[in-house]
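See structure below.
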Amino acid sequence: FSGIRGAQLAARATLIHAGPLPARHGQAHPFRDLVTGLENALDLHAHRPGTLPRMTSHLHQRTAGRIGALTRLIRQAAIIAIHDGTEKITRVTLDAITLDHHTEQQRRPTR
């Protein structure tokens, strides 16, 4: 937000500090619900419904619960699935994708 243009944008913007989306919140599972919604929006011919929600724990760990990282991860995996002709997202594909620097630094260790 530097310079004249940056100052104009800064005057219109509100910085929101959003932490990771919790895997659980009481009886709710907001991260799993988000993963399910993203999977439902996929239009991959060979992708089996329920594949991504079954990986919720891994996806939460992999993305440190960050919504932006999750959407980028799934979008990139879908693009790869279309380009390689498999038309499905697998854990192997997901694990091969490098996320943004911040998310990779914040990843929770695998137990």
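Chain labels follow the order of the structure tokens: the first chain is A, the next B, and so on; residue numbering restarts at 1 in every chain, and ligands are counted from 1 in their shown order.
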Excluding range 93-98 of chain A and its own-chain neighbours fewer than 6 positions away, which residues fall within 9 Å of it when counting only C-alpha atoms? Please give them as a CSV table (one decimal) with N, CA, C and O atoms, in the first residue's frame.
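Output (out-v4.csv):
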```
chain,number,residue,atom,x,y,z
A,59,LEU,N,-5.7,-33.3,4.9
A,59,LEU,CA,-5.8,-32.0,4.3
A,59,LEU,C,-5.6,-30.9,5.3
A,59,LEU,O,-5.0,-29.9,5.0
A,62,ARG,N,-2.0,-30.8,6.1
A,62,ARG,CA,-1.2,-30.3,5.0
A,62,ARG,C,-1.4,-28.8,4.7
A,62,ARG,O,-0.4,-28.2,4.3
A,73,LEU,N,-4.8,-25.8,-3.2
A,73,LEU,CA,-4.3,-27.2,-3.3
A,73,LEU,C,-5.3,-28.1,-4.2
A,73,LEU,O,-4.9,-28.8,-5.1
A,74,ILE,N,-6.6,-27.9,-3.9
A,74,ILE,CA,-7.6,-28.7,-4.6
A,74,ILE,C,-7.7,-28.2,-6.1
A,74,ILE,O,-7.8,-29.1,-7.0
A,76,GLN,N,-5.3,-26.8,-7.9
A,76,GLN,CA,-4.1,-27.3,-8.6
A,76,GLN,C,-4.2,-28.8,-8.9
A,76,GLN,O,-3.8,-29.3,-10.0
A,77,ALA,N,-4.7,-29.6,-7.9
A,77,ALA,CA,-4.8,-31.0,-8.1
A,77,ALA,C,-5.8,-31.3,-9.2
A,77,ALA,O,-5.6,-32.3,-10.0
A,80,ILE,N,-4.2,-30.7,-12.6
A,80,ILE,CA,-3.3,-31.8,-12.9
A,80,ILE,C,-4.1,-33.0,-13.4
A,80,ILE,O,-3.7,-33.6,-14.4
A,81,ALA,N,-5.2,-33.3,-12.7
A,81,ALA,CA,-6.0,-34.4,-13.1
A,81,ALA,C,-6.6,-34.3,-14.5
A,81,ALA,O,-6.7,-35.2,-15.2
A,104,GLU,N,3.5,-23.7,4.0
A,104,GLU,CA,4.5,-24.8,4.2
A,104,GLU,C,5.3,-24.6,5.5
A,104,GLU,O,5.7,-25.6,6.1
```
Pull the alpha helix (DSSP H) assignments for chain A out of DSSP run on the backbone, and list those residues as a compact mmCIF listing (two decimals) with all heavy atoms, in the first residue's frame.
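What follows is the written file states-v9.txt:
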```
# COMPACT_ATOMS: atom_id res chain seq x y z
N GLY A 3 2.73 4.62 -2.13
CA GLY A 3 2.45 5.56 -3.21
C GLY A 3 1.02 6.06 -3.14
O GLY A 3 0.24 5.70 -2.26
N ILE A 4 0.68 6.92 -4.09
CA ILE A 4 -0.66 7.51 -4.13
C ILE A 4 -1.72 6.43 -4.31
O ILE A 4 -2.72 6.39 -3.60
CB ILE A 4 -0.75 8.57 -5.24
CG1 ILE A 4 0.18 9.74 -4.90
CG2 ILE A 4 -2.18 9.06 -5.42
CD1 ILE A 4 0.32 10.75 -6.02
N ARG A 5 -1.52 5.55 -5.27
CA ARG A 5 -2.49 4.49 -5.55
C ARG A 5 -2.64 3.55 -4.35
O ARG A 5 -3.73 3.16 -3.97
CB ARG A 5 -2.04 3.71 -6.78
CG ARG A 5 -2.95 2.62 -7.19
CD ARG A 5 -4.10 3.19 -7.92
NE ARG A 5 -4.51 2.28 -8.96
CZ ARG A 5 -5.44 2.58 -9.79
NH1 ARG A 5 -5.99 3.78 -9.74
NH2 ARG A 5 -5.84 1.75 -10.68
N GLY A 6 -1.51 3.20 -3.75
CA GLY A 6 -1.54 2.34 -2.58
C GLY A 6 -2.28 2.97 -1.41
O GLY A 6 -3.00 2.29 -0.69
N ALA A 7 -2.08 4.28 -1.23
CA ALA A 7 -2.77 4.99 -0.15
C ALA A 7 -4.28 4.97 -0.37
O ALA A 7 -5.06 4.83 0.57
CB ALA A 7 -2.25 6.41 -0.04
N GLN A 8 -4.70 5.12 -1.63
CA GLN A 8 -6.13 5.07 -1.94
C GLN A 8 -6.70 3.69 -1.62
O GLN A 8 -7.78 3.57 -1.04
CB GLN A 8 -6.37 5.42 -3.40
CG GLN A 8 -6.14 6.86 -3.73
CD GLN A 8 -6.25 7.12 -5.24
OE1 GLN A 8 -6.20 6.20 -6.05
NE2 GLN A 8 -6.42 8.39 -5.59
N LEU A 9 -5.97 2.66 -2.02
CA LEU A 9 -6.44 1.30 -1.72
C LEU A 9 -6.45 1.03 -0.23
O LEU A 9 -7.39 0.42 0.30
CB LEU A 9 -5.55 0.27 -2.44
CG LEU A 9 -5.66 0.25 -3.96
CD1 LEU A 9 -4.59 -0.66 -4.54
CD2 LEU A 9 -7.04 -0.19 -4.38
N ALA A 10 -5.42 1.47 0.47
CA ALA A 10 -5.33 1.26 1.92
C ALA A 10 -6.48 1.94 2.64
O ALA A 10 -6.98 1.42 3.66
CB ALA A 10 -3.99 1.76 2.44
N ALA A 11 -6.92 3.07 2.14
CA ALA A 11 -8.02 3.79 2.77
C ALA A 11 -9.35 3.05 2.62
O ALA A 11 -10.29 3.27 3.38
CB ALA A 11 -8.14 5.19 2.18
N ARG A 12 -9.43 2.16 1.65
CA ARG A 12 -10.67 1.41 1.40
C ARG A 12 -10.63 -0.01 1.93
O ARG A 12 -11.62 -0.74 1.85
CB ARG A 12 -10.92 1.34 -0.11
CG ARG A 12 -11.15 2.69 -0.72
CD ARG A 12 -11.38 2.56 -2.21
NE ARG A 12 -11.39 3.87 -2.81
CZ ARG A 12 -10.76 4.20 -3.91
NH1 ARG A 12 -10.06 3.28 -4.57
NH2 ARG A 12 -10.82 5.41 -4.39
N PRO A 30 -16.26 -27.94 10.67
CA PRO A 30 -16.25 -26.93 9.61
C PRO A 30 -15.26 -27.21 8.48
O PRO A 30 -15.57 -26.96 7.32
CB PRO A 30 -15.94 -25.63 10.34
CG PRO A 30 -15.37 -26.02 11.65
CD PRO A 30 -15.91 -27.37 11.97
N PHE A 31 -14.10 -27.74 8.81
CA PHE A 31 -13.11 -28.00 7.76
C PHE A 31 -13.59 -29.11 6.84
O PHE A 31 -13.52 -29.00 5.62
CB PHE A 31 -11.74 -28.33 8.37
CG PHE A 31 -10.61 -28.24 7.38
CD1 PHE A 31 -10.02 -27.02 7.08
CD2 PHE A 31 -10.14 -29.38 6.75
CE1 PHE A 31 -8.99 -26.93 6.17
CE2 PHE A 31 -9.10 -29.30 5.83
CZ PHE A 31 -8.52 -28.07 5.54
N ARG A 32 -14.11 -30.19 7.42
CA ARG A 32 -14.64 -31.29 6.61
C ARG A 32 -15.80 -30.81 5.74
O ARG A 32 -15.92 -31.19 4.57
CB ARG A 32 -15.10 -32.45 7.48
CG ARG A 32 -15.58 -33.64 6.63
CD ARG A 32 -16.27 -34.70 7.44
NE ARG A 32 -17.48 -34.12 8.01
CZ ARG A 32 -18.04 -34.52 9.15
NH1 ARG A 32 -17.51 -35.49 9.85
NH2 ARG A 32 -19.15 -33.96 9.59
N ASP A 33 -16.66 -29.96 6.30
CA ASP A 33 -17.78 -29.44 5.53
C ASP A 33 -17.29 -28.61 4.34
O ASP A 33 -17.85 -28.70 3.25
CB ASP A 33 -18.70 -28.59 6.41
CG ASP A 33 -19.40 -29.42 7.48
OD1 ASP A 33 -19.44 -30.68 7.36
OD2 ASP A 33 -19.90 -28.81 8.45
N LEU A 34 -16.22 -27.84 4.55
CA LEU A 34 -15.64 -27.06 3.45
C LEU A 34 -15.06 -27.99 2.39
O LEU A 34 -15.28 -27.79 1.19
CB LEU A 34 -14.57 -26.11 3.98
CG LEU A 34 -13.82 -25.30 2.92
CD1 LEU A 34 -14.77 -24.42 2.12
CD2 LEU A 34 -12.74 -24.46 3.60
N VAL A 35 -14.33 -29.02 2.82
CA VAL A 35 -13.74 -29.98 1.88
C VAL A 35 -14.85 -30.65 1.06
O VAL A 35 -14.74 -30.79 -0.16
CB VAL A 35 -12.89 -31.04 2.63
CG1 VAL A 35 -12.50 -32.19 1.71
CG2 VAL A 35 -11.65 -30.40 3.23
N THR A 36 -15.92 -31.02 1.72
CA THR A 36 -17.06 -31.65 1.03
C THR A 36 -17.65 -30.71 -0.01
O THR A 36 -17.94 -31.10 -1.14
CB THR A 36 -18.13 -32.09 2.04
OG1 THR A 36 -17.55 -33.01 2.96
CG2 THR A 36 -19.32 -32.73 1.35
N GLY A 37 -17.83 -29.46 0.37
CA GLY A 37 -18.37 -28.47 -0.57
C GLY A 37 -17.47 -28.26 -1.78
O GLY A 37 -17.95 -28.17 -2.91
N LEU A 38 -16.17 -28.20 -1.53
CA LEU A 38 -15.23 -28.04 -2.64
C LEU A 38 -15.25 -29.26 -3.55
O LEU A 38 -15.23 -29.13 -4.78
CB LEU A 38 -13.81 -27.80 -2.11
CG LEU A 38 -13.59 -26.46 -1.40
CD1 LEU A 38 -12.23 -26.45 -0.71
CD2 LEU A 38 -13.72 -25.30 -2.37
N GLU A 39 -15.32 -30.45 -2.97
CA GLU A 39 -15.38 -31.66 -3.78
C GLU A 39 -16.66 -31.69 -4.62
O GLU A 39 -16.63 -32.09 -5.79
CB GLU A 39 -15.30 -32.91 -2.91
CG GLU A 39 -15.30 -34.19 -3.74
CD GLU A 39 -15.26 -35.43 -2.91
OE1 GLU A 39 -16.29 -35.72 -2.25
OE2 GLU A 39 -14.21 -36.09 -2.89
N ASN A 40 -17.77 -31.26 -4.03
CA ASN A 40 -19.03 -31.25 -4.76
C ASN A 40 -18.99 -30.33 -5.98
O ASN A 40 -19.76 -30.52 -6.92
CB ASN A 40 -20.19 -30.86 -3.84
CG ASN A 40 -20.52 -31.94 -2.84
OD1 ASN A 40 -20.16 -33.11 -3.00
ND2 ASN A 40 -21.17 -31.56 -1.75
N THR A 51 -14.00 -39.01 -1.67
CA THR A 51 -12.55 -39.20 -1.61
C THR A 51 -11.89 -38.12 -0.76
O THR A 51 -11.09 -38.43 0.13
CB THR A 51 -11.95 -39.19 -3.03
OG1 THR A 51 -12.51 -40.26 -3.77
CG2 THR A 51 -10.44 -39.34 -3.00
N LEU A 52 -12.18 -36.87 -1.03
CA LEU A 52 -11.54 -35.77 -0.30
C LEU A 52 -12.01 -35.68 1.15
O LEU A 52 -11.17 -35.51 2.04
CB LEU A 52 -11.73 -34.45 -1.04
CG LEU A 52 -11.07 -34.37 -2.42
CD1 LEU A 52 -11.32 -33.01 -3.05
CD2 LEU A 52 -9.59 -34.65 -2.33
N PRO A 53 -13.31 -35.81 1.44
CA PRO A 53 -13.71 -35.79 2.85
C PRO A 53 -13.04 -36.88 3.69
O PRO A 53 -12.75 -36.68 4.87
CB PRO A 53 -15.23 -35.97 2.81
CG PRO A 53 -15.62 -35.37 1.50
CD PRO A 53 -14.49 -35.77 0.56
N ARG A 54 -12.75 -38.03 3.08
CA ARG A 54 -12.04 -39.09 3.82
C ARG A 54 -10.61 -38.68 4.15
O ARG A 54 -9.99 -39.24 5.04
CB ARG A 54 -12.05 -40.39 3.02
CG ARG A 54 -13.37 -41.14 3.11
CD ARG A 54 -13.29 -42.55 2.55
NE ARG A 54 -13.02 -42.61 1.13
CZ ARG A 54 -13.93 -42.48 0.18
NH1 ARG A 54 -15.19 -42.27 0.51
NH2 ARG A 54 -13.61 -42.56 -1.09
N THR A 56 -9.81 -35.58 5.14
CA THR A 56 -9.92 -34.30 5.85
C THR A 56 -8.78 -34.09 6.84
O THR A 56 -8.18 -33.02 6.88
CB THR A 56 -11.27 -34.18 6.58
OG1 THR A 56 -12.31 -34.17 5.60
CG2 THR A 56 -11.34 -32.91 7.40
N SER A 57 -8.47 -35.08 7.64
CA SER A 57 -7.41 -34.93 8.63
C SER A 57 -6.08 -34.61 7.95
O SER A 57 -5.34 -33.71 8.38
CB SER A 57 -7.30 -36.21 9.46
OG SER A 57 -6.27 -36.08 10.41
N HIS A 58 -5.77 -35.34 6.91
CA HIS A 58 -4.53 -35.09 6.16
C HIS A 58 -4.54 -33.71 5.52
O HIS A 58 -3.54 -32.99 5.57
CB HIS A 58 -4.33 -36.18 5.10
CG HIS A 58 -3.14 -35.96 4.24
ND1 HIS A 58 -1.85 -36.06 4.72
CD2 HIS A 58 -3.03 -35.60 2.93
CE1 HIS A 58 -1.00 -35.79 3.74
NE2 HIS A 58 -1.69 -35.51 2.65
N LEU A 59 -5.66 -33.33 4.92
CA LEU A 59 -5.76 -32.02 4.28
C LEU A 59 -5.64 -30.89 5.29
O LEU A 59 -5.01 -29.86 5.01
CB LEU A 59 -7.08 -31.90 3.50
CG LEU A 59 -7.19 -32.79 2.26
CD1 LEU A 59 -8.62 -32.77 1.73
CD2 LEU A 59 -6.20 -32.35 1.19
N HIS A 60 -6.20 -31.08 6.47
CA HIS A 60 -6.09 -30.06 7.51
C HIS A 60 -4.64 -29.90 7.94
O HIS A 60 -4.13 -28.78 8.08
CB HIS A 60 -6.98 -30.41 8.71
CG HIS A 60 -7.19 -29.27 9.64
ND1 HIS A 60 -6.38 -29.06 10.74
CD2 HIS A 60 -8.11 -28.27 9.63
CE1 HIS A 60 -6.80 -27.97 11.37
NE2 HIS A 60 -7.85 -27.47 10.72
N GLN A 61 -3.97 -31.01 8.12
CA GLN A 61 -2.54 -30.97 8.48
C GLN A 61 -1.72 -30.35 7.36
O GLN A 61 -0.89 -29.49 7.58
CB GLN A 61 -2.05 -32.38 8.80
CG GLN A 61 -0.59 -32.47 9.20
CD GLN A 61 0.35 -32.65 8.02
OE1 GLN A 61 0.01 -33.28 7.02
NE2 GLN A 61 1.53 -32.09 8.12
N ARG A 62 -1.99 -30.77 6.14
CA ARG A 62 -1.22 -30.32 4.97
C ARG A 62 -1.35 -28.82 4.72
O ARG A 62 -0.41 -28.17 4.31
CB ARG A 62 -1.74 -31.10 3.74
CG ARG A 62 -1.14 -30.74 2.42
CD ARG A 62 0.14 -31.52 2.18
NE ARG A 62 0.57 -31.39 0.82
CZ ARG A 62 1.24 -30.34 0.33
NH1 ARG A 62 1.54 -29.33 1.10
NH2 ARG A 62 1.62 -30.30 -0.92
N THR A 63 -2.54 -28.27 4.99
CA THR A 63 -2.80 -26.85 4.73
C THR A 63 -2.75 -26.00 5.99
O THR A 63 -3.01 -24.80 5.92
CB THR A 63 -4.18 -26.67 4.07
OG1 THR A 63 -5.19 -27.10 4.99
CG2 THR A 63 -4.28 -27.42 2.76
N ILE A 67 -7.85 -21.84 4.68
CA ILE A 67 -8.82 -21.99 3.60
C ILE A 67 -8.21 -21.70 2.25
O ILE A 67 -8.43 -22.44 1.29
CB ILE A 67 -10.04 -21.07 3.86
CG1 ILE A 67 -10.75 -21.50 5.13
CG2 ILE A 67 -10.99 -21.09 2.66
CD1 ILE A 67 -11.82 -20.52 5.59
N GLY A 68 -7.43 -20.64 2.14
CA GLY A 68 -6.80 -20.29 0.86
C GLY A 68 -5.87 -21.38 0.37
O GLY A 68 -5.85 -21.72 -0.81
N ALA A 69 -5.10 -21.95 1.28
CA ALA A 69 -4.19 -23.04 0.91
C ALA A 69 -4.97 -24.26 0.45
O ALA A 69 -4.59 -24.93 -0.52
CB ALA A 69 -3.27 -23.39 2.08
N LEU A 70 -6.07 -24.56 1.13
CA LEU A 70 -6.90 -25.71 0.75
C LEU A 70 -7.47 -25.52 -0.65
O LEU A 70 -7.41 -26.43 -1.47
CB LEU A 70 -8.03 -25.91 1.76
CG LEU A 70 -9.03 -27.01 1.41
CD1 LEU A 70 -8.35 -28.38 1.47
CD2 LEU A 70 -10.22 -26.95 2.35
N THR A 71 -8.03 -24.35 -0.92
CA THR A 71 -8.64 -24.13 -2.24
C THR A 71 -7.59 -24.16 -3.34
O THR A 71 -7.83 -24.71 -4.41
CB THR A 71 -9.45 -22.82 -2.29
OG1 THR A 71 -8.61 -21.71 -1.96
CG2 THR A 71 -10.63 -22.87 -1.34
N ARG A 72 -6.42 -23.59 -3.07
CA ARG A 72 -5.34 -23.64 -4.08
C ARG A 72 -4.87 -25.08 -4.31
O ARG A 72 -4.61 -25.48 -5.44
CB ARG A 72 -4.17 -22.76 -3.65
CG ARG A 72 -4.43 -21.27 -3.85
CD ARG A 72 -3.20 -20.42 -3.62
NE ARG A 72 -2.62 -20.58 -2.29
CZ ARG A 72 -2.99 -19.88 -1.22
NH1 ARG A 72 -3.95 -18.98 -1.31
NH2 ARG A 72 -2.42 -20.08 -0.06
N LEU A 73 -4.77 -25.84 -3.22
CA LEU A 73 -4.33 -27.24 -3.32
C LEU A 73 -5.31 -28.06 -4.17
O LEU A 73 -4.90 -28.77 -5.10
CB LEU A 73 -4.20 -27.84 -1.93
CG LEU A 73 -3.80 -29.31 -1.84
CD1 LEU A 73 -2.41 -29.52 -2.43
CD2 LEU A 73 -3.85 -29.78 -0.40
N ILE A 74 -6.59 -27.95 -3.88
CA ILE A 74 -7.59 -28.72 -4.62
C ILE A 74 -7.68 -28.24 -6.07
O ILE A 74 -7.79 -29.05 -6.99
CB ILE A 74 -8.95 -28.69 -3.90
CG1 ILE A 74 -8.82 -29.46 -2.58
CG2 ILE A 74 -10.05 -29.28 -4.77
CD1 ILE A 74 -10.04 -29.41 -1.70
N ARG A 75 -7.63 -26.93 -6.28
CA ARG A 75 -7.67 -26.40 -7.65
C ARG A 75 -6.47 -26.90 -8.46
O ARG A 75 -6.63 -27.37 -9.59
CB ARG A 75 -7.70 -24.86 -7.63
CG ARG A 75 -7.75 -24.25 -9.02
CD ARG A 75 -7.87 -22.73 -9.02
NE ARG A 75 -6.98 -22.05 -8.11
CZ ARG A 75 -7.37 -21.38 -7.01
NH1 ARG A 75 -8.64 -21.29 -6.69
NH2 ARG A 75 -6.48 -20.80 -6.24
N GLN A 76 -5.27 -26.85 -7.88
CA GLN A 76 -4.08 -27.32 -8.60
C GLN A 76 -4.18 -28.82 -8.87
O GLN A 76 -3.82 -29.28 -9.97
CB GLN A 76 -2.82 -27.00 -7.81
CG GLN A 76 -1.54 -27.34 -8.54
CD GLN A 76 -1.37 -26.55 -9.84
OE1 GLN A 76 -1.72 -25.37 -9.91
NE2 GLN A 76 -0.86 -27.19 -10.85
N ALA A 77 -4.66 -29.60 -7.91
CA ALA A 77 -4.82 -31.05 -8.12
C ALA A 77 -5.83 -31.33 -9.22
O ALA A 77 -5.64 -32.26 -10.02
CB ALA A 77 -5.24 -31.72 -6.81
N ALA A 78 -6.90 -30.55 -9.28
CA ALA A 78 -7.90 -30.73 -10.34
C ALA A 78 -7.30 -30.41 -11.71
O ALA A 78 -7.55 -31.12 -12.69
CB ALA A 78 -9.13 -29.86 -10.07
N ILE A 79 -6.50 -29.35 -11.78
CA ILE A 79 -5.85 -28.99 -13.05
C ILE A 79 -4.92 -30.11 -13.50
O ILE A 79 -4.91 -30.50 -14.67
CB ILE A 79 -5.09 -27.65 -12.90
CG1 ILE A 79 -6.09 -26.50 -12.76
CG2 ILE A 79 -4.15 -27.42 -14.09
CD1 ILE A 79 -5.47 -25.19 -12.32
N ILE A 80 -4.16 -30.66 -12.56
CA ILE A 80 -3.25 -31.77 -12.88
C ILE A 80 -4.06 -32.97 -13.37
O ILE A 80 -3.70 -33.62 -14.35
CB ILE A 80 -2.39 -32.14 -11.66
CG1 ILE A 80 -1.37 -31.02 -11.38
CG2 ILE A 80 -1.68 -33.48 -11.87
CD1 ILE A 80 -0.67 -31.13 -10.04
N ALA A 81 -5.18 -33.28 -12.70
CA ALA A 81 -6.02 -34.42 -13.07
C ALA A 81 -6.57 -34.26 -14.48
O ALA A 81 -6.70 -35.25 -15.22
CB ALA A 81 -7.15 -34.58 -12.07
N ILE A 82 -6.89 -33.05 -14.87
CA ILE A 82 -7.38 -32.81 -16.23
C ILE A 82 -6.25 -32.95 -17.24
O ILE A 82 -6.40 -33.63 -18.26
CB ILE A 82 -8.03 -31.41 -16.32
CG1 ILE A 82 -9.33 -31.38 -15.50
CG2 ILE A 82 -8.29 -31.03 -17.78
CD1 ILE A 82 -9.86 -29.98 -15.25
N HIS A 83 -5.11 -32.36 -16.92
CA HIS A 83 -3.97 -32.41 -17.85
C HIS A 83 -3.40 -33.82 -18.03
O HIS A 83 -3.01 -34.18 -19.14
CB HIS A 83 -2.86 -31.46 -17.41
CG HIS A 83 -3.14 -30.03 -17.74
ND1 HIS A 83 -3.02 -29.51 -19.00
CD2 HIS A 83 -3.54 -29.00 -16.95
CE1 HIS A 83 -3.34 -28.24 -18.99
NE2 HIS A 83 -3.67 -27.90 -17.75
N ASP A 84 -3.36 -34.60 -16.94
CA ASP A 84 -2.77 -35.95 -17.10
C ASP A 84 -3.81 -36.99 -17.54
O ASP A 84 -3.48 -38.15 -17.76
CB ASP A 84 -2.03 -36.39 -15.84
CG ASP A 84 -2.91 -36.70 -14.63
OD1 ASP A 84 -4.14 -36.83 -14.78
OD2 ASP A 84 -2.35 -36.82 -13.52
N ARG A 91 -4.29 -38.77 -3.23
CA ARG A 91 -3.38 -38.26 -2.20
C ARG A 91 -1.98 -38.07 -2.77
O ARG A 91 -1.29 -37.12 -2.40
CB ARG A 91 -3.35 -39.21 -1.00
CG ARG A 91 -2.49 -38.67 0.12
CD ARG A 91 -2.65 -39.44 1.38
NE ARG A 91 -1.64 -39.03 2.33
CZ ARG A 91 -1.72 -39.24 3.61
NH1 ARG A 91 -2.75 -39.86 4.11
NH2 ARG A 91 -0.76 -38.85 4.42
N VAL A 92 -1.57 -38.93 -3.66
CA VAL A 92 -0.26 -38.80 -4.29
C VAL A 92 -0.16 -37.46 -5.02
O VAL A 92 0.83 -36.75 -4.90
CB VAL A 92 0.02 -39.98 -5.25
CG1 VAL A 92 1.27 -39.75 -6.08
CG2 VAL A 92 0.11 -41.29 -4.48
N THR A 93 -1.21 -37.12 -5.77
CA THR A 93 -1.23 -35.85 -6.48
C THR A 93 -1.19 -34.70 -5.49
O THR A 93 -0.42 -33.74 -5.66
CB THR A 93 -2.49 -35.73 -7.36
OG1 THR A 93 -2.52 -36.82 -8.26
CG2 THR A 93 -2.49 -34.43 -8.13
N LEU A 94 -2.02 -34.75 -4.46
CA LEU A 94 -2.08 -33.68 -3.46
C LEU A 94 -0.72 -33.49 -2.79
O LEU A 94 -0.28 -32.36 -2.58
CB LEU A 94 -3.15 -33.98 -2.42
CG LEU A 94 -4.60 -33.94 -2.90
CD1 LEU A 94 -5.51 -34.57 -1.87
CD2 LEU A 94 -5.02 -32.52 -3.20
N ASP A 95 -0.07 -34.59 -2.44
CA ASP A 95 1.21 -34.50 -1.73
C ASP A 95 2.35 -33.99 -2.61
O ASP A 95 3.35 -33.50 -2.09
CB ASP A 95 1.58 -35.85 -1.13
CG ASP A 95 0.71 -36.21 0.07
OD1 ASP A 95 0.00 -35.31 0.58
OD2 ASP A 95 0.75 -37.37 0.50
N ALA A 96 2.20 -34.08 -3.92
CA ALA A 96 3.24 -33.61 -4.83
C ALA A 96 3.19 -32.10 -5.06
O ALA A 96 4.13 -31.52 -5.60
CB ALA A 96 3.13 -34.34 -6.16
N HIS A 101 4.63 -20.39 0.61
CA HIS A 101 5.69 -20.43 1.61
C HIS A 101 5.14 -20.38 3.04
O HIS A 101 5.56 -21.16 3.90
CB HIS A 101 6.66 -19.27 1.37
CG HIS A 101 7.77 -19.20 2.37
ND1 HIS A 101 8.82 -20.08 2.35
CD2 HIS A 101 7.96 -18.37 3.43
CE1 HIS A 101 9.63 -19.79 3.35
NE2 HIS A 101 9.14 -18.76 4.03
N HIS A 102 4.20 -19.49 3.30
CA HIS A 102 3.66 -19.34 4.64
C HIS A 102 3.02 -20.64 5.14
O HIS A 102 3.27 -21.07 6.26
CB HIS A 102 2.65 -18.19 4.68
CG HIS A 102 2.10 -17.94 6.05
ND1 HIS A 102 2.85 -17.41 7.07
CD2 HIS A 102 0.87 -18.16 6.57
CE1 HIS A 102 2.11 -17.30 8.16
NE2 HIS A 102 0.90 -17.76 7.88
N THR A 103 2.21 -21.25 4.30
CA THR A 103 1.54 -22.50 4.70
C THR A 103 2.55 -23.62 4.90
O THR A 103 2.46 -24.37 5.87
CB THR A 103 0.49 -22.91 3.65
OG1 THR A 103 -0.48 -21.87 3.57
CG2 THR A 103 -0.19 -24.21 4.03
N GLU A 104 3.51 -23.73 4.01
CA GLU A 104 4.53 -24.78 4.16
C GLU A 104 5.30 -24.60 5.46
O GLU A 104 5.66 -25.58 6.11
CB GLU A 104 5.49 -24.79 2.96
CG GLU A 104 4.85 -25.23 1.66
CD GLU A 104 4.48 -26.71 1.60
OE1 GLU A 104 4.84 -27.48 2.51
OE2 GLU A 104 3.82 -27.09 0.62
N GLN A 105 5.53 -23.36 5.89
CA GLN A 105 6.23 -23.09 7.14
C GLN A 105 5.37 -23.38 8.36
O GLN A 105 5.88 -23.69 9.42
CB GLN A 105 6.71 -21.63 7.18
CG GLN A 105 7.73 -21.29 6.13
CD GLN A 105 8.99 -22.14 6.26
OE1 GLN A 105 9.55 -22.27 7.33
NE2 GLN A 105 9.39 -22.74 5.15
N GLN A 106 4.04 -23.25 8.22
CA GLN A 106 3.12 -23.42 9.34
C GLN A 106 2.54 -24.82 9.46
O GLN A 106 1.77 -25.10 10.37
CB GLN A 106 1.94 -22.42 9.20
CG GLN A 106 2.36 -20.99 9.25
CD GLN A 106 3.00 -20.62 10.57
OE1 GLN A 106 2.50 -20.95 11.62
NE2 GLN A 106 4.13 -19.95 10.50
```
Query raised in the report: Do you have the CA of Lys88 in chain A-CA of Ala46 in chain A distance handy?
Result: 5.2 Å
Query raised in the report: What's the 7 Å shell around Gly65 in chain A, counting only C-alpha atoms, without same-chain residues fewer than 6 positions away, as a PyMOL selection string?
Result: chain A and resi 20-22
So that I have them on file, write out the residues from the current selection with C-alpha atoms, as a short mmCIF file (atom, residue, chain, number, x, y, z; two decimals), in the first residue's frame.
```cif
data_model
loop_
_atom_site.label_atom_id
_atom_site.label_comp_id
_atom_site.auth_asym_id
_atom_site.auth_seq_id
_atom_site.Cartn_x
_atom_site.Cartn_y
_atom_site.Cartn_z
CA PRO A 20 -6.84 -21.44 10.56
CA LEU A 21 -10.26 -23.02 10.18
CA PRO A 22 -10.69 -25.52 13.02
#
```
Query - Selected residue of minimal separation from Arg66 in chain A among A:Gly50, A:Gly26, A:Gly19, A:Gly85, counting only C-alpha atoms - result: A:Gly19
